[in-house]
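Below is one structure; the comments refer to it alone.
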Amino acid sequence: MKSLYLKNSFCIILLLIAIGFALSFGFNYLFPVLKVTLIVLMALVMVDVMILFFQKQTVFVSREMAEQLSLGDVNKVKLTISSSYSIPLDVEVIDELPYQLQERSFSINAFFKPKKLIRLTYTIHPLLRGNYNFGDILIFTGTPLNFVKRRVRIPAQMDVPVYPSIIQMKKFEILSLPNMMLQYGVKKVRRIGHSYEFEQIRNYALGDDVRNINWKASAKSNSIMVNQFEEERSQQIYCIVDRSRVMKMPFNGLSLLDYAINSSLVISNTALKKNDRAGLISYAENIDSKIKANNKTGQLNRILQSLYNEKQSAGEANYELLYNGIRNMVKTRSLLFLFTNFESVYALRRVLNLLRRLNKSHLLVVIFFENTELKQYSNEASRDLRDVYFKTAAKEFLYDKEQIALELRKHKIQTIYTKPEDLTINVLNKYLELKARGAI
């Protein structure tokens, strides 16, 4: 009986019959008609129950998804449902989703033809890293009579980890081809000068830089020859992620820390694909993750696991400790991407001296975020005097952010001031630009 549920259609018909019985006190001819109707209804309900519960036919379901879900991306989940019933069925499927998704009324409706198999697909959008527990799958089946439905619980519990965006990483890996990257905003940067090692002399091909023509070799071979250079490799690239309270602010459901984590994974993967050495440092009150730059097999997985385990801190960032940690850990000149967020010029000036000292030993790129919600609010029309005050304060706050960028550039520190959603594209562009110019 716990698996038996009455459908709305049965309740509506029963209500109408009850109203009819009440009216039959004034219209006696209704009483025998309603009595027959009630008997027929009960008989049909019994038939419906016998079809659903007293036969060996049943419904089976299985769930398929990636072994690792991607943070902030749309992830697909596939359900394969088969029925051994010899009659068509109306089916409602309820998948018990993890609590992190905050889906309270999720269900999928489908129609089964006799003894057929159907595949259903739905999407989830995880906004928190960690372990997601999927529960059982509930299936409510009903016959064409549409009076009752039967609940079937399919054991399907499974734990799936949500990692930093692997989907985004793979997308930019595919887009590493120059003709593909332009479509997604990754700029093509002209190489300036040659900080590359000589590799060989070869025949000229359309598109080669005419400045590389070797005139002596061309004269000897009676054809145009060019010098080919091998790009410098094995340069050290570090992503330095601030985990302090300034990175807790959410935009579009993701915190600034998670935007930085997703971007760090993409940059690390791109650096390794270009034969550079990728490393990772995370800090707040203490330095928690320290992965020395390397390009050996398994380095990307070590970075991925470290980013997966990063936790938000409620404390302040300790830049003195960060400076000493980098000085002791990173002995050779490296490219440092510092993901942080400054909310005022005063906050920057407290640590500016340490950033300048880091920039002398390494090539430092400071990345901080534009408050897109505040900018949108400041551009809306004011409704009253109170709105004018608030919008003026918002514009002053945004002006301070621009002053922070100017202050950093004044001290010759590479700066990226970006919207959270444009973070990965802008950081990738900067990496390719610095790489092309031989600035590292």
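So you can find residues: chains in the structure tokens are A, B, ... in the order shown, residues in each start at 1, and ligands are numbered from 1 in order.
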
So which residues touch Gln102 of chain A within 12 Å, counting only C-alpha atoms, skipping near sequence neighbours fewer than 3 positions away, as JSON, numbers by chain? {"A": [96, 97, 98, 99, 105, 106, 124, 125, 126, 127, 128, 132]}

Could you please take those selected residues and save N, CA and C atoms as a compact mmCIF listing (two decimals), in the first residue's frame?
```txt
# COMPACT_ATOMS: atom_id res chain seq x y z
N GLU A 96 16.78 11.66 -7.11
CA GLU A 96 17.11 12.32 -5.84
C GLU A 96 18.47 13.01 -5.98
N LEU A 97 18.42 14.30 -6.24
CA LEU A 97 19.63 15.08 -6.54
C LEU A 97 20.35 15.47 -5.25
N PRO A 98 21.66 15.75 -5.35
CA PRO A 98 22.43 16.18 -4.17
C PRO A 98 21.88 17.48 -3.60
N TYR A 99 22.03 17.65 -2.29
CA TYR A 99 21.50 18.84 -1.63
C TYR A 99 22.17 20.11 -2.11
N SER A 105 11.96 20.33 -6.51
CA SER A 105 10.78 19.82 -7.24
C SER A 105 11.18 19.28 -8.61
N PHE A 106 12.26 18.51 -8.64
CA PHE A 106 12.75 18.01 -9.93
C PHE A 106 12.00 16.73 -10.32
N ILE A 124 22.60 19.52 -14.97
CA ILE A 124 22.80 20.12 -13.65
C ILE A 124 23.92 21.14 -13.75
N HIS A 125 23.89 22.11 -12.86
CA HIS A 125 24.85 23.22 -12.90
C HIS A 125 25.44 23.41 -11.51
N PRO A 126 26.44 22.60 -11.14
CA PRO A 126 27.01 22.69 -9.79
C PRO A 126 27.80 23.98 -9.59
N LEU A 127 27.61 24.60 -8.45
CA LEU A 127 28.27 25.87 -8.13
C LEU A 127 29.17 25.76 -6.90
N LEU A 128 29.35 24.55 -6.40
CA LEU A 128 30.23 24.30 -5.27
C LEU A 128 31.11 23.11 -5.57
N TYR A 132 29.34 15.13 -4.35
CA TYR A 132 27.90 15.21 -4.54
C TYR A 132 27.31 13.80 -4.46
```

Which polymer residues have any atom within 10 Å of an atom of segment 61-66 of chain A, counting only C-alpha atoms, with same-chain residues fewer than 3 positions away left out, as a PyMOL selection string? chain A and resi 69-70+75-83+93+95+117-121+134+136-139+153-158+160-161

Mind checking DSSP for segment 13-220 of chain A and telling me the helix (DSSP H, G or I) residues as a VMD selection string? chain A and resid 13 to 23 30 to 53 99 to 101 166 to 174 178 to 184 210 to 212 215 to 220

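Reported to one decimal place, the separation of atom CA of Gly26 of chain A from atom CA of Ile39 of chain A is 21.9 Å.
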
Of A:Gly135, A:Leu254, A:Gln235, A:Lys311, the one nearest to Gly279 of chain A when counting only C-alpha atoms is A:Gln235

For segment 417-420 of chain A, find every residue with an atom within 12 Å (counting only C-alpha atoms), except residues of its own chain fewer than 5 positions away, and show them as a PyMOL selection string. chain A and resi 247+249-263+338-342+365-375+398+401-406+408-409+425-427+430

Do a neighbour search on segment 280-285 of chain A at 8 Å with only C-alpha atoms, toss out local chain neighbours closer than 2 positions, and write the hits as a list in words. Tyr238, Cys239, Ile240, Val241, Asp242, Arg243, Ser244, Ala278, Ile287, Asp288, Ser289, Lys290, Ile291, Lys292, Ala293, Ile303, Ser313, Gly315, Glu316, Ala317, Asn318 and Leu322 of chain A

What is the atom CA of Gly438 of chain A to atom CA of Gln228 of chain A distance in Å? 16.3 Å
